[in-house]
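Coordinates from work-v2.txt are shown below (compact mmCIF, C-alpha atoms).
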# COMPACT_ATOMS: atom_id res chain seq x y z
CA MET A 1256 -26.90 -20.43 16.22
CA ALA A 1257 -26.46 -17.65 13.70
CA SER A 1258 -29.14 -17.52 10.99
CA GLY A 1259 -27.26 -15.40 8.46
CA ALA A 1260 -26.06 -11.86 7.87
CA ILE A 1261 -27.80 -8.50 7.48
CA TYR A 1262 -26.09 -5.93 5.26
CA TYR A 1263 -26.70 -2.78 3.23
CA ASP A 1264 -26.49 -3.25 -0.54
CA ALA A 1265 -24.98 -0.78 -3.00
CA ASP A 1266 -28.25 1.19 -3.03
CA GLY A 1267 -28.27 1.49 0.76
CA LYS A 1268 -31.15 -1.00 1.09
CA GLU A 1269 -31.03 -3.44 3.99
CA GLN A 1270 -30.71 -7.06 2.87
CA VAL A 1271 -30.80 -10.38 4.69
CA GLN A 1272 -28.62 -13.29 3.60
CA PRO A 1273 -29.68 -16.54 5.32
CA ALA A 1274 -26.82 -18.98 5.95
CA GLU A 1275 -26.19 -22.37 7.56
CA VAL A 1276 -22.67 -21.27 8.47
CA VAL A 1277 -21.41 -17.71 8.92
CA ILE A 1278 -17.72 -16.99 8.34
CA VAL A 1279 -16.39 -13.58 9.37
CA ALA A 1280 -13.25 -12.48 7.55
CA CYS A 1281 -12.91 -8.72 8.07
CA ASN A 1282 -9.48 -8.82 9.79
CA GLY A 1283 -8.27 -7.31 13.05
CA VAL A 1284 -10.35 -4.13 13.01
CA GLY A 1285 -13.35 -5.00 10.83
CA THR A 1286 -14.13 -8.29 12.57
CA PRO A 1287 -14.34 -6.91 16.13
CA ARG A 1288 -16.20 -3.88 14.83
CA MET A 1289 -18.83 -6.15 13.27
CA LEU A 1290 -19.10 -8.42 16.32
CA LEU A 1291 -19.27 -5.53 18.79
CA ASN A 1292 -22.00 -3.88 16.71
CA SER A 1293 -23.98 -7.14 16.57
CA VAL A 1294 -25.64 -6.84 19.96
CA SER A 1295 -28.78 -8.66 21.03
CA GLY A 1296 -30.55 -9.71 24.20
CA ARG A 1297 -28.40 -12.82 24.36
CA PHE A 1298 -25.20 -11.00 23.43
CA PRO A 1299 -25.49 -7.54 25.01
CA ASN A 1300 -21.71 -7.01 24.82
CA GLY A 1301 -21.39 -8.09 21.20
CA LEU A 1302 -21.67 -11.33 19.32
CA ALA A 1303 -19.35 -14.16 20.38
CA ASN A 1304 -18.02 -12.01 23.21
CA SER A 1305 -18.73 -13.95 26.41
CA SER A 1306 -15.00 -13.81 27.12
CA GLY A 1307 -15.00 -10.02 26.83
CA LEU A 1308 -11.97 -10.37 24.57
CA VAL A 1309 -13.49 -9.31 21.24
CA GLY A 1310 -11.49 -6.26 20.20
CA LYS A 1311 -8.80 -6.74 22.85
CA ASN A 1312 -5.15 -7.71 22.33
CA LEU A 1313 -4.77 -5.70 19.12
CA MET A 1314 -1.30 -6.29 17.70
CA PHE A 1315 0.70 -4.84 14.83
CA HIS A 1316 4.19 -5.27 13.42
CA PRO A 1317 6.27 -2.32 14.54
CA TYR A 1318 9.03 -2.06 11.92
CA SER A 1319 12.46 -0.70 12.70
CA GLN A 1320 14.04 0.32 9.41
CA VAL A 1321 17.70 1.27 8.93
CA PHE A 1322 19.19 2.20 5.59
CA GLY A 1323 22.35 3.66 4.10
CA TYR A 1324 24.03 4.25 0.77
CA VAL A 1325 26.87 2.41 -0.93
CA GLU A 1326 29.17 3.50 -3.74
CA GLU A 1327 28.35 0.81 -6.27
CA PRO A 1328 25.01 0.80 -8.11
CA LEU A 1329 22.69 -1.96 -6.88
CA ASP A 1330 20.81 -2.68 -10.08
CA SER A 1331 17.63 -1.80 -8.28
CA ASN A 1332 15.62 -1.23 -11.42
CA ARG A 1333 16.12 -4.78 -12.66
CA ALA A 1334 14.90 -7.04 -9.85
CA PRO A 1335 12.75 -7.08 -6.74
CA PRO A 1336 14.08 -4.79 -4.02
CA LEU A 1337 13.48 -7.34 -1.25
CA CYS A 1338 16.17 -9.95 -1.64
CA LEU A 1339 17.19 -11.59 1.65
CA TRP A 1340 15.59 -12.57 4.93
CA SER A 1341 17.16 -13.50 8.23
CA MET A 1342 15.55 -15.20 11.22
CA GLU A 1343 18.68 -14.99 13.35
CA PHE A 1344 16.98 -12.89 16.03
CA TYR A 1345 13.53 -14.48 15.77
CA GLU A 1346 13.51 -16.67 18.87
CA THR A 1347 13.68 -15.67 22.54
CA ASP A 1348 17.23 -15.37 23.84
CA PRO A 1349 17.43 -14.98 27.64
CA LYS A 1350 20.56 -12.85 27.21
CA ARG A 1351 18.47 -10.09 25.58
CA ASP A 1352 16.22 -7.65 27.42
CA PHE A 1353 13.08 -8.67 25.52
CA VAL A 1354 11.15 -11.86 24.79
CA ARG A 1355 10.40 -13.23 21.34
CA GLY A 1356 12.10 -11.48 18.43
CA TYR A 1357 12.02 -10.27 14.86
CA SER A 1358 12.91 -11.21 11.32
CA TYR A 1359 15.06 -9.03 9.10
CA GLN A 1360 13.95 -8.05 5.64
CA PHE A 1361 16.84 -6.84 3.46
CA SER A 1362 16.31 -4.46 0.59
CA ARG A 1363 18.69 -3.25 -2.08
CA GLY A 1364 17.96 -0.13 -4.04
CA ILE A 1365 14.62 1.37 -4.88
CA GLY A 1366 13.42 3.02 -8.06
CA PRO A 1367 13.91 6.70 -8.84
CA ILE A 1368 10.42 7.88 -7.87
CA THR A 1369 10.45 6.21 -4.45
CA GLU A 1370 14.02 7.28 -3.78
CA ALA A 1371 13.14 10.87 -4.65
CA ILE A 1372 10.02 10.96 -2.49
CA LEU A 1373 11.65 9.29 0.53
CA SER A 1374 14.85 11.32 0.38
CA ASP A 1375 12.87 14.52 -0.11
CA ALA A 1376 10.80 13.71 2.98
CA ASP A 1377 13.98 13.06 4.99
CA GLY A 1378 15.48 16.36 3.83
CA ARG A 1379 18.51 14.69 2.25
CA LEU A 1380 17.49 15.65 -1.30
CA PRO A 1381 17.76 19.41 -1.79
CA TRP A 1382 15.45 21.67 -3.74
CA GLY A 1383 17.14 23.82 -6.38
CA GLU A 1384 20.41 23.72 -8.29
CA ASP A 1385 22.03 20.93 -6.26
CA HIS A 1386 19.08 18.57 -6.65
CA HIS A 1387 20.42 16.63 -9.64
CA ARG A 1388 23.95 16.11 -8.31
CA ILE A 1389 22.75 14.78 -4.95
CA PHE A 1390 20.04 12.63 -6.48
CA ARG A 1391 22.58 10.84 -8.66
CA LYS A 1392 24.53 9.89 -5.55
CA LEU A 1393 21.42 8.40 -3.96
CA VAL A 1394 19.43 6.64 -6.67
CA GLY A 1395 20.02 2.90 -6.97
CA ARG A 1396 22.47 2.91 -4.07
CA ARG A 1397 20.19 2.55 -1.06
CA ILE A 1398 20.63 -0.62 0.99
CA GLY A 1399 18.51 -1.34 4.05
CA LEU A 1400 17.20 -3.71 6.69
CA SER A 1401 13.82 -3.76 8.36
CA ALA A 1402 13.25 -5.59 11.64
CA ILE A 1403 9.67 -6.94 11.66
CA CYS A 1404 8.98 -7.12 15.37
CA GLU A 1405 6.65 -9.63 17.02
CA ASP A 1406 4.11 -7.66 19.00
CA LEU A 1407 2.65 -9.49 21.98
CA PRO A 1408 -0.96 -9.42 23.26
CA GLU A 1409 -1.90 -6.74 25.78
CA GLU A 1410 -5.55 -6.18 26.59
CA HIS A 1411 -5.23 -2.41 26.78
CA ASN A 1412 -4.38 -2.38 23.06
CA ARG A 1413 -7.85 -2.69 21.63
CA VAL A 1414 -10.58 -1.96 19.12
CA THR A 1415 -13.79 -0.56 20.58
CA LEU A 1416 -16.75 1.27 19.07
CA ASP A 1417 -16.35 5.00 18.71
CA PRO A 1418 -19.01 6.77 20.78
CA VAL A 1419 -19.45 9.51 18.17
CA LEU A 1420 -18.07 8.57 14.76
CA LYS A 1421 -20.40 6.57 12.48
CA ASP A 1422 -20.27 5.39 8.88
CA GLY A 1423 -22.71 6.45 6.15
CA HIS A 1424 -25.33 3.97 7.42
CA GLY A 1425 -25.11 5.21 11.00
CA ILE A 1426 -23.15 2.17 12.21
CA PRO A 1427 -20.56 3.04 14.88
CA ALA A 1428 -17.00 3.23 13.56
CA PRO A 1429 -14.06 1.45 15.19
CA ARG A 1430 -11.89 3.29 17.66
CA ILE A 1431 -8.31 2.12 18.16
CA ASP A 1432 -6.23 2.44 21.32
CA TYR A 1433 -2.66 1.22 20.96
CA THR A 1434 0.70 1.86 22.58
CA ILE A 1435 3.95 0.21 21.50
CA SER A 1436 4.97 -1.93 24.46
CA GLU A 1437 8.29 -1.70 26.24
CA ASN A 1438 9.11 -5.21 25.00
CA SER A 1439 8.46 -4.26 21.37
CA ARG A 1440 10.39 -1.00 21.83
CA ARG A 1441 13.44 -2.90 23.11
CA MET A 1442 13.11 -5.33 20.21
CA MET A 1443 13.08 -2.43 17.76
CA ASP A 1444 16.12 -0.85 19.41
CA HIS A 1445 17.97 -4.17 19.20
CA GLY A 1446 17.02 -4.48 15.53
CA THR A 1447 18.20 -0.94 14.83
CA ALA A 1448 21.56 -1.48 16.52
CA ARG A 1449 22.28 -4.78 14.74
CA ALA A 1450 21.19 -3.33 11.39
CA LYS A 1451 23.59 -0.42 11.79
CA GLU A 1452 26.40 -2.91 12.41
CA VAL A 1453 25.49 -4.84 9.27
CA LEU A 1454 25.31 -1.72 7.11
CA GLU A 1455 28.55 -0.28 8.43
CA ALA A 1456 30.30 -3.61 7.81
CA ALA A 1457 28.94 -3.49 4.26
CA GLY A 1458 30.47 -0.04 3.75
CA ALA A 1459 27.26 1.96 3.80
CA THR A 1460 27.32 5.64 4.77
CA ASN A 1461 24.70 8.34 5.23
CA ILE A 1462 22.79 5.95 7.50
CA GLY A 1463 19.21 6.79 8.41
CA VAL A 1464 16.72 5.25 10.85
CA HIS A 1465 12.94 5.12 10.81
CA SER A 1466 11.67 3.37 13.91
CA PRO A 1467 8.82 2.73 13.72
CA ILE A 1468 8.21 3.32 10.04
CA VAL A 1469 4.96 5.14 9.53
CA ASN A 1470 3.83 3.70 6.23
CA GLY A 1471 4.00 -0.05 6.73
CA GLY A 1472 3.76 -2.92 9.16
CA TRP A 1473 0.47 -1.93 10.73
CA HIS A 1474 -1.05 -5.36 10.15
CA LEU A 1475 -4.29 -5.83 12.06
CA LEU A 1476 -4.08 -8.84 14.34
CA GLY A 1477 -5.20 -10.52 17.55
CA THR A 1478 -8.63 -9.05 18.36
CA ALA A 1479 -10.58 -12.36 18.37
CA ARG A 1480 -7.88 -14.68 19.58
CA MET A 1481 -7.82 -18.44 19.17
CA GLY A 1482 -7.59 -20.82 22.13
CA THR A 1483 -9.07 -23.79 23.92
CA ASP A 1484 -10.32 -21.88 26.97
CA PRO A 1485 -13.64 -20.07 26.30
CA GLU A 1486 -12.82 -17.60 29.07
CA ARG A 1487 -9.47 -16.63 27.50
CA SER A 1488 -10.23 -16.80 23.77
CA VAL A 1489 -12.93 -15.99 21.22
CA VAL A 1490 -12.62 -18.93 18.82
CA ASN A 1491 -11.55 -22.50 19.44
CA GLU A 1492 -8.47 -24.19 18.01
CA TRP A 1493 -10.12 -24.65 14.62
CA GLY A 1494 -11.65 -21.20 14.24
CA ARG A 1495 -15.19 -21.74 15.56
CA SER A 1496 -16.68 -19.26 17.99
CA HIS A 1497 -16.92 -20.67 21.52
CA ASP A 1498 -20.34 -19.02 21.88
CA VAL A 1499 -22.02 -19.50 18.48
CA LYS A 1500 -21.56 -22.96 17.05
CA ASN A 1501 -21.96 -22.04 13.38
CA LEU A 1502 -19.91 -18.85 13.43
CA PHE A 1503 -16.28 -19.00 12.29
CA ILE A 1504 -13.60 -16.34 12.12
CA VAL A 1505 -10.90 -16.68 9.47
CA ASP A 1506 -8.59 -13.68 9.40
CA GLY A 1507 -5.74 -12.00 11.29
CA SER A 1508 -7.86 -11.36 14.35
CA ILE A 1509 -7.44 -14.98 15.54
CA PHE A 1510 -3.64 -14.66 15.93
CA VAL A 1511 -2.39 -15.10 19.50
CA THR A 1512 0.85 -13.18 18.94
CA SER A 1513 1.62 -11.20 15.82
CA GLY A 1514 4.57 -13.38 14.73
CA GLY A 1515 7.62 -11.53 13.45
CA VAL A 1516 6.81 -11.95 9.75
CA ASN A 1517 4.33 -10.44 7.33
CA PRO A 1518 1.03 -12.21 8.11
CA THR A 1519 -0.68 -12.92 4.80
CA CYS A 1520 0.78 -16.40 4.27
CA THR A 1521 -0.18 -17.38 7.81
CA ILE A 1522 -3.72 -16.08 7.31
CA GLN A 1523 -3.93 -18.10 4.09
CA ALA A 1524 -2.65 -21.18 5.91
CA LEU A 1525 -5.22 -20.66 8.66
CA ALA A 1526 -7.98 -20.37 6.06
CA LEU A 1527 -6.96 -23.71 4.52
CA TYR A 1528 -6.59 -25.31 7.95
CA ILE A 1529 -10.00 -24.13 9.17
CA ALA A 1530 -11.67 -25.15 5.91
CA ASP A 1531 -10.13 -28.63 6.29
CA ALA A 1532 -11.24 -28.79 9.92
CA MET A 1533 -14.80 -27.91 8.92
CA LYS A 1534 -14.81 -30.48 6.15
CA GLN A 1535 -13.57 -33.24 8.42
CA ARG A 1536 -16.21 -32.40 11.04
CA LEU A 1537 -19.24 -31.94 8.80
CA ALA A 1538 -21.35 -34.47 10.69
CA THR A 1539 -20.58 -32.93 14.08
CA LEU A 1540 -19.70 -29.35 13.08
CA PHE A 1541 -22.20 -27.71 15.41
CA ASP A 1542 -21.84 -30.03 18.40
CA MET B 958 -9.53 19.46 -23.12
CA GLN B 959 -8.75 20.25 -19.50
CA SER B 960 -8.45 17.53 -16.89
CA ASP B 961 -10.30 17.80 -13.56
CA SER B 962 -7.09 18.95 -11.87
CA GLU B 963 -6.47 21.69 -14.43
CA ALA B 964 -10.10 22.75 -14.27
CA SER B 965 -9.98 23.09 -10.50
CA LEU B 966 -6.82 25.22 -10.31
CA SER B 967 -7.07 28.89 -11.19
CA ALA B 968 -4.81 30.44 -13.82
CA ALA B 969 -2.81 32.12 -11.05
CA GLU B 970 -2.43 28.81 -9.18
CA LEU B 971 -1.26 27.07 -12.34
CA ARG B 972 1.32 29.78 -12.97
CA ASP B 973 2.59 29.63 -9.39
CA LEU B 974 2.71 25.84 -9.34
CA GLN B 975 4.76 25.74 -12.54
CA CYS B 976 7.14 28.31 -11.06
CA ILE B 977 7.48 26.26 -7.84
CA ALA B 978 8.08 23.04 -9.83
CA GLY B 979 10.92 24.72 -11.71
CA MET B 980 12.43 25.95 -8.46
CA ILE B 981 12.36 22.55 -6.79
CA ILE B 982 13.84 20.79 -9.84
CA PRO B 983 15.42 23.25 -12.28
CA ALA B 984 16.62 22.27 -15.75
CA SER B 985 20.28 21.26 -15.92
CA THR B 986 22.58 21.55 -18.91
CA GLU B 987 25.25 19.65 -16.94
CA PHE B 988 23.03 16.56 -16.69
CA GLY B 989 21.06 17.22 -19.87
CA VAL B 990 17.64 17.18 -18.21
CA PRO B 991 14.58 19.44 -18.29
CA GLY B 992 13.20 21.06 -15.16
CA ALA B 993 9.95 20.00 -13.54
CA ASP B 994 8.38 23.08 -15.14
CA ASP B 995 8.91 21.52 -18.58
CA PRO B 996 5.54 21.61 -20.43
CA ILE B 997 5.32 17.82 -20.85
CA ILE B 998 6.24 17.09 -17.23
CA PHE B 999 4.03 19.86 -15.90
CA ALA B 1000 1.08 18.53 -17.92
CA ASP B 1001 1.67 15.14 -16.28
CA ILE B 1002 1.76 16.79 -12.85
CA MET B 1003 -1.56 18.45 -13.53
CA ARG B 1004 -3.15 15.24 -14.83
CA SER B 1005 -1.95 13.34 -11.78
CA LEU B 1006 -2.85 15.62 -8.86
CA GLY B 1007 -5.86 13.50 -7.94
CA ARG B 1008 -6.46 13.36 -4.20
CA ASP B 1009 -3.50 15.69 -3.55
CA ARG B 1010 -5.19 18.59 -5.33
CA ARG B 1011 -6.54 20.34 -2.24
CA ASP B 1012 -3.29 20.00 -0.32
CA VAL B 1013 -1.34 21.27 -3.34
CA GLN B 1014 -3.67 24.26 -3.61
CA ALA B 1015 -3.17 24.92 0.09
CA ALA B 1016 0.60 24.65 -0.45
CA ILE B 1017 0.50 27.26 -3.21
CA SER B 1018 -1.55 29.52 -0.97
CA SER B 1019 0.94 29.09 1.90
CA LEU B 1020 3.90 29.84 -0.36
CA CYS B 1021 2.22 33.01 -1.63
CA ALA B 1022 1.55 34.11 1.94
CA LEU B 1023 5.16 33.46 2.95
CA ALA B 1024 6.45 35.31 -0.14
CA GLY B 1025 4.14 38.26 0.46
CA GLY B 1026 2.04 38.01 -2.71
CA ALA B 1027 1.62 36.06 -5.94
CA PHE B 1028 4.55 33.66 -5.87
CA THR B 1029 5.63 34.04 -9.48
CA ASP B 1030 5.70 37.84 -9.23
CA GLN B 1031 8.23 37.92 -6.39
CA ASP B 1032 11.95 38.27 -6.96
CA ALA B 1033 14.07 35.14 -6.72
CA SER B 1034 15.41 35.81 -3.23
CA ARG B 1035 11.92 36.15 -1.75
CA ARG B 1036 10.76 33.02 -3.54
CA TYR B 1037 13.69 30.94 -2.31
CA ALA B 1038 13.29 32.25 1.25
CA ALA B 1039 9.58 31.42 1.19
CA ALA B 1040 10.24 27.94 -0.22
CA GLY B 1041 12.87 27.28 2.47
CA SER B 1042 10.52 28.33 5.27
CA PHE B 1043 7.68 26.33 3.79
CA ARG B 1044 9.74 23.16 3.51
CA ALA B 1045 11.17 23.54 7.01
CA ARG B 1046 7.65 23.76 8.40
CA GLY B 1047 6.78 20.30 7.01
CA GLY B 1048 3.34 18.69 7.11
CA PRO B 1049 0.84 17.35 4.58
CA GLN B 1050 1.04 20.37 2.26
CA VAL B 1051 4.81 19.94 1.81
CA THR B 1052 4.42 16.18 1.35
CA ALA B 1053 1.67 16.55 -1.24
CA LEU B 1054 3.46 19.26 -3.22
CA SER B 1055 6.77 17.36 -3.30
CA ARG B 1056 5.15 14.07 -4.21
CA ALA B 1057 3.07 15.61 -6.99
CA ILE B 1058 6.19 17.04 -8.61
CA LEU B 1059 8.73 14.29 -7.93
CA GLN B 1060 6.59 11.35 -9.04
CA CYS B 1061 5.97 12.89 -12.46
CA TYR B 1062 9.48 14.21 -12.93
CA TYR B 1063 11.14 10.86 -12.30
CA ARG B 1064 8.91 8.97 -14.71
CA ASP B 1065 9.66 11.23 -17.67
CA ASP B 1066 11.55 9.23 -20.30
CA ARG B 1067 14.21 11.92 -20.78
CA VAL B 1068 14.93 11.98 -17.04
CA VAL B 1069 14.91 8.19 -16.70
CA LEU B 1070 17.37 7.84 -19.61
CA SER B 1071 19.64 10.50 -18.10
CA LEU B 1072 19.95 8.28 -15.00
CA GLY B 1073 21.27 5.42 -17.13
CA LEU B 1074 18.04 3.44 -16.84
CA GLU B 1075 15.88 1.98 -19.56
CA ALA B 1076 12.74 4.02 -20.10
CA ARG B 1077 10.43 1.05 -19.60
CA PRO B 1078 8.83 -0.81 -16.72
CA PRO B 1079 10.37 -4.16 -15.69
CA PHE B 1080 7.27 -6.05 -16.76
CA PRO B 1081 6.35 -7.81 -18.99
CA LYS B 1082 9.70 -7.92 -20.76
CA GLY B 1083 11.70 -8.52 -17.59
CA HIS B 1084 15.48 -8.49 -17.17
CA THR B 1085 18.11 -11.17 -17.31
CA LEU B 1086 20.53 -10.85 -14.43
CA GLU B 1087 24.01 -12.29 -14.27
CA GLN B 1088 24.46 -14.77 -11.38
CA GLY B 1089 26.16 -13.51 -8.24
CA ASP B 1090 28.62 -15.43 -6.08
CA TRP B 1091 26.34 -17.94 -4.35
CA SER B 1092 29.28 -19.34 -2.35
CA LEU B 1093 28.83 -16.32 -0.11
CA LEU B 1094 25.98 -18.28 1.46
CA ASP B 1095 28.05 -21.41 2.18
CA PRO B 1096 28.89 -20.37 5.77
CA VAL B 1097 25.20 -19.69 6.36
CA ARG B 1098 24.19 -23.09 5.02
CA ALA B 1099 26.85 -24.74 7.17
CA ARG B 1100 25.44 -23.37 10.43
CA PRO B 1101 23.32 -25.54 12.72
CA LYS B 1102 19.63 -24.81 12.48
CA LEU B 1103 18.38 -21.97 14.68
CA TRP B 1104 14.65 -22.62 14.46
CA ARG B 1105 12.29 -24.86 16.42
CA ASP B 1106 10.54 -27.73 14.69
CA ALA B 1107 6.77 -27.52 14.73
CA PRO B 1108 5.30 -30.06 17.15

Translate this file's structure into structure tokens.
Amino acid sequence: MASGAIYYDADGKEQVQPAEVVIVACNGVGTPRMLLNSVSGRFPNGLANSSGLVGKNLMFHPYSQVFGYVEEPLDSNRAPPLCLWSMEFYETDPKRDFVRGYSYQFSRGIGPITEAILSDADGRLPWGEDHHRIFRKLVGRRIGLSAICEDLPEEHNRVTLDPVLKDGHGIPAPRIDYTISENSRRMMDHGTARAKEVLEAAGATNIGVHSPIVNGGWHLLGTARMGTDPERSVVNEWGRSHDVKNLFIVDGSIFVTSGGVNPTCTIQALALYIADAMKQRLATLFD
Amino acid sequence: MQSDSEASLSAAELRDLQCIAGMIIPASTEFGVPGADDPIIFADIMRSLGRDRRDVQAAISSLCALAGGAFTDQDASRRYAAAGSFRARGGPQVTALSRAILQCYYRDDRVVLSLGLEARPPFPKGHTLEQGDWSLLDPVRARPKLWRDAP
């Protein structure tokens, strides 16, 4: 049984917080980092890690983004840029060369600052005399689709403790090893190809592709996975550690696949579900 | 009173940065807009450098090296050649310099108005939008469901 948590306060002084129940909610990198750093005689490989899976199966959401420009202004300064979603390619289709799928997120137009920064980075917005003329062809006319791809668990994608890097208190920092899988890569390529078809049918030109995008979608998931088998999962089906009966994990690390959607709503739903499960089991919570 | 960003850039760096800003986005009589070297916009750039300050300073230094001396003192052809080489090289210095200039330029009221936009944020006043043609979604609604029911 866990007896509480030890932490450094704002003045760098070590503090102890006793607790009847400990709930870890540091997400897909912070949670395994904390558990792997919490070694003891009983848990020499990290707390709650008898399965050896703490930190393994790290998953993200590789995004394939395709965009183009249309003639008519899209009113992008007057409403949210994300306006439509499609789950058409979400489920496994045996006719495709990948399993699982992705959701599409449609966007229409972005504001002048973002358009300027993105188009400058892509080299499509010139410096100098022609800047204003080109910018007026771009601003408010960008239309795009992003395929949010469902990453699947692979043990070689993982969070471990860095052998050298430490934080200001001397606690080992997380180290991340991750490679986009062939399945996710094929999913991204499929999403890119279909998005180009959609944009061309909509009359867009000047089409650009960012796959994967660098500045989004790197949601931190899967490193303390949920399951009924203590040898193949870290927490049980209601979020309790298989090894420590009063330790719960409530964050993105308990996902078993990444799901092809942004994860916050699912994490919130899991938090409510686990809280309900704890409430219903109060008399036998630690059995 | 000088901001932290102004205080940390030398007089020569300030002069070069203002020159570079005006090269990247020059004033235009055709579109009725100031350049990014406009005093009000440049003051905003300086106030807003924040965490980009070191990369922007490094960018100025790189541009001077490519131009063969203090950037502002070079003739226009050398400055444009240096800026072209610098941009083609890419990297965090280019990103930081561009972002510092573009983000302040495109929030200036005069520039925003020249684009046909209202010089105000969408909140809290909001906007009233005319309804689109929702019948476009009828074929989508008519399709059989393509998702699995939760067990």

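In terms of minimum interatomic distance to Thr1369 of chain A, B:Leu1059 ranks closest within B:Leu1059, B:Ala1053, B:Ala1024, B:Ala1039, counting only C-alpha atoms.
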
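Atom CA of Ile1372 of chain A is found 19.0 Å from atom CA of Asp1330 of chain A.
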
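Pairwise distance (atom CA of Thr1415 of chain A, atom CA of Arg1430 of chain A) equals 5.2 Å.
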
Would you pick out the contacts of Phe1043 of chain B at 8 Å or less, using all atoms listed in the file, so that residues sharing its chain but fewer than 3 positions from it are not included, and give the list as JSON, numbers by chain? {"B": [1019, 1020, 1023, 1039, 1040, 1046, 1047, 1051]}

What are the residues of chain B lining chain A at 9 Å or less? Count all atoms listed in the file, and put the answer as a PyMOL selection string. chain B and resi 979-985+988+1037+1040-1041+1044-1045+1047+1051-1052+1055-1056+1059-1064+1069+1072+1074-1075+1078-1079+1083-1086+1103-1105

Filtering to C-alpha atoms, could you give me those residues as a PDB file, keeping the file's coordinate frame?
ATOM      1  CA  GLY B 979      10.920  24.720 -11.710  1.00  0.00           C
ATOM      2  CA  MET B 980      12.430  25.950  -8.460  1.00  0.00           C
ATOM      3  CA  ILE B 981      12.360  22.550  -6.790  1.00  0.00           C
ATOM      4  CA  ILE B 982      13.840  20.790  -9.840  1.00  0.00           C
ATOM      5  CA  PRO B 983      15.420  23.250 -12.280  1.00  0.00           C
ATOM      6  CA  ALA B 984      16.620  22.270 -15.750  1.00  0.00           C
ATOM      7  CA  SER B 985      20.280  21.260 -15.920  1.00  0.00           C
ATOM      8  CA  PHE B 988      23.030  16.560 -16.690  1.00  0.00           C
ATOM      9  CA  TYR B1037      13.690  30.940  -2.310  1.00  0.00           C
ATOM     10  CA  ALA B1040      10.240  27.940  -0.220  1.00  0.00           C
ATOM     11  CA  GLY B1041      12.870  27.280   2.470  1.00  0.00           C
ATOM     12  CA  ARG B1044       9.740  23.160   3.510  1.00  0.00           C
ATOM     13  CA  ALA B1045      11.170  23.540   7.010  1.00  0.00           C
ATOM     14  CA  GLY B1047       6.780  20.300   7.010  1.00  0.00           C
ATOM     15  CA  VAL B1051       4.810  19.940   1.810  1.00  0.00           C
ATOM     16  CA  THR B1052       4.420  16.180   1.350  1.00  0.00           C
ATOM     17  CA  SER B1055       6.770  17.360  -3.300  1.00  0.00           C
ATOM     18  CA  ARG B1056       5.150  14.070  -4.210  1.00  0.00           C
ATOM     19  CA  LEU B1059       8.730  14.290  -7.930  1.00  0.00           C
ATOM     20  CA  GLN B1060       6.590  11.350  -9.040  1.00  0.00           C
ATOM     21  CA  CYS B1061       5.970  12.890 -12.460  1.00  0.00           C
ATOM     22  CA  TYR B1062       9.480  14.210 -12.930  1.00  0.00           C
ATOM     23  CA  TYR B1063      11.140  10.860 -12.300  1.00  0.00           C
ATOM     24  CA  ARG B1064       8.910   8.970 -14.710  1.00  0.00           C
ATOM     25  CA  VAL B1069      14.910   8.190 -16.700  1.00  0.00           C
ATOM     26  CA  LEU B1072      19.950   8.280 -15.000  1.00  0.00           C
ATOM     27  CA  LEU B1074      18.040   3.440 -16.840  1.00  0.00           C
ATOM     28  CA  GLU B1075      15.880   1.980 -19.560  1.00  0.00           C
ATOM     29  CA  PRO B1078       8.830  -0.810 -16.720  1.00  0.00           C
ATOM     30  CA  PRO B1079      10.370  -4.160 -15.690  1.00  0.00           C
ATOM     31  CA  GLY B1083      11.700  -8.520 -17.590  1.00  0.00           C
ATOM     32  CA  HIS B1084      15.480  -8.490 -17.170  1.00  0.00           C
ATOM     33  CA  THR B1085      18.110 -11.170 -17.310  1.00  0.00           C
ATOM     34  CA  LEU B1086      20.530 -10.850 -14.430  1.00  0.00           C
ATOM     35  CA  LEU B1103      18.380 -21.970  14.680  1.00  0.00           C
ATOM     36  CA  TRP B1104      14.650 -22.620  14.460  1.00  0.00           C
ATOM     37  CA  ARG B1105      12.290 -24.860  16.420  1.00  0.00           C
TER      38      ARG B1105
END

Distance of atom CA of Ala1402 of chain A from atom CA of Gln1088 of chain B, expressed in Å to one decimal place: 27.2 Å

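The point (-9.6, -16.9, 9.0) has these residues within 7 Å of it, counting only C-alpha atoms: A:Ala1280, A:Ile1504, A:Val1505, A:Asp1506, A:Gly1507, A:Ile1522, A:Leu1525, A:Ala1526.
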
Using only C-alpha atoms, what table do you get, as CSV, when you list each residue of segment 1433-1454 of chain A with an atom no more than 9 Å from segment 1301-1317 of chain A, its nearest pair of atoms, and their distance in Å rounded to one decimal, rows by chain then rising number?
residue,atom,partner,partner_atom,distance
A:Tyr1433,CA,A:Leu1313,CA,7.5
A:Ile1435,CA,A:Pro1317,CA,7.8
A:Ser1439,CA,A:Pro1317,CA,7.4
A:Arg1440,CA,A:Pro1317,CA,8.5
A:Met1443,CA,A:Pro1317,CA,7.5

Let me have the centre and edge lengths of the axis-aligned box enclosing all listed atoms of segment 1278-1294 of chain A with 8 Å padding on every side, in Å to one decimal, as lines of an AutoDock Vina configuration file.
center_x = -17.0
center_y = -10.4
center_z = 13.8
size_x = 33.4
size_y = 29.1
size_z = 28.4

So that I can see what lies close to Gln975 of chain B, please list as a PyMOL selection string the residues with an atom at most 12 Å from it, counting all atoms listed in the file and leaving out residues fewer than 3 positions away in the same chain. chain B and resi 966+968-972+978-983+992-1003+1013+1017+1028-1029+1054+1057-1058

Determine, counting only C-alpha atoms, which protein, DNA and RNA residues have an atom within 8 Å of an atom of segment 1423-1429 of chain A; residues of the same chain fewer than 5 positions away are not included. Present the result as a ChimeraX atom specification. /A:1267,1284-1285,1288,1292,1414-1418
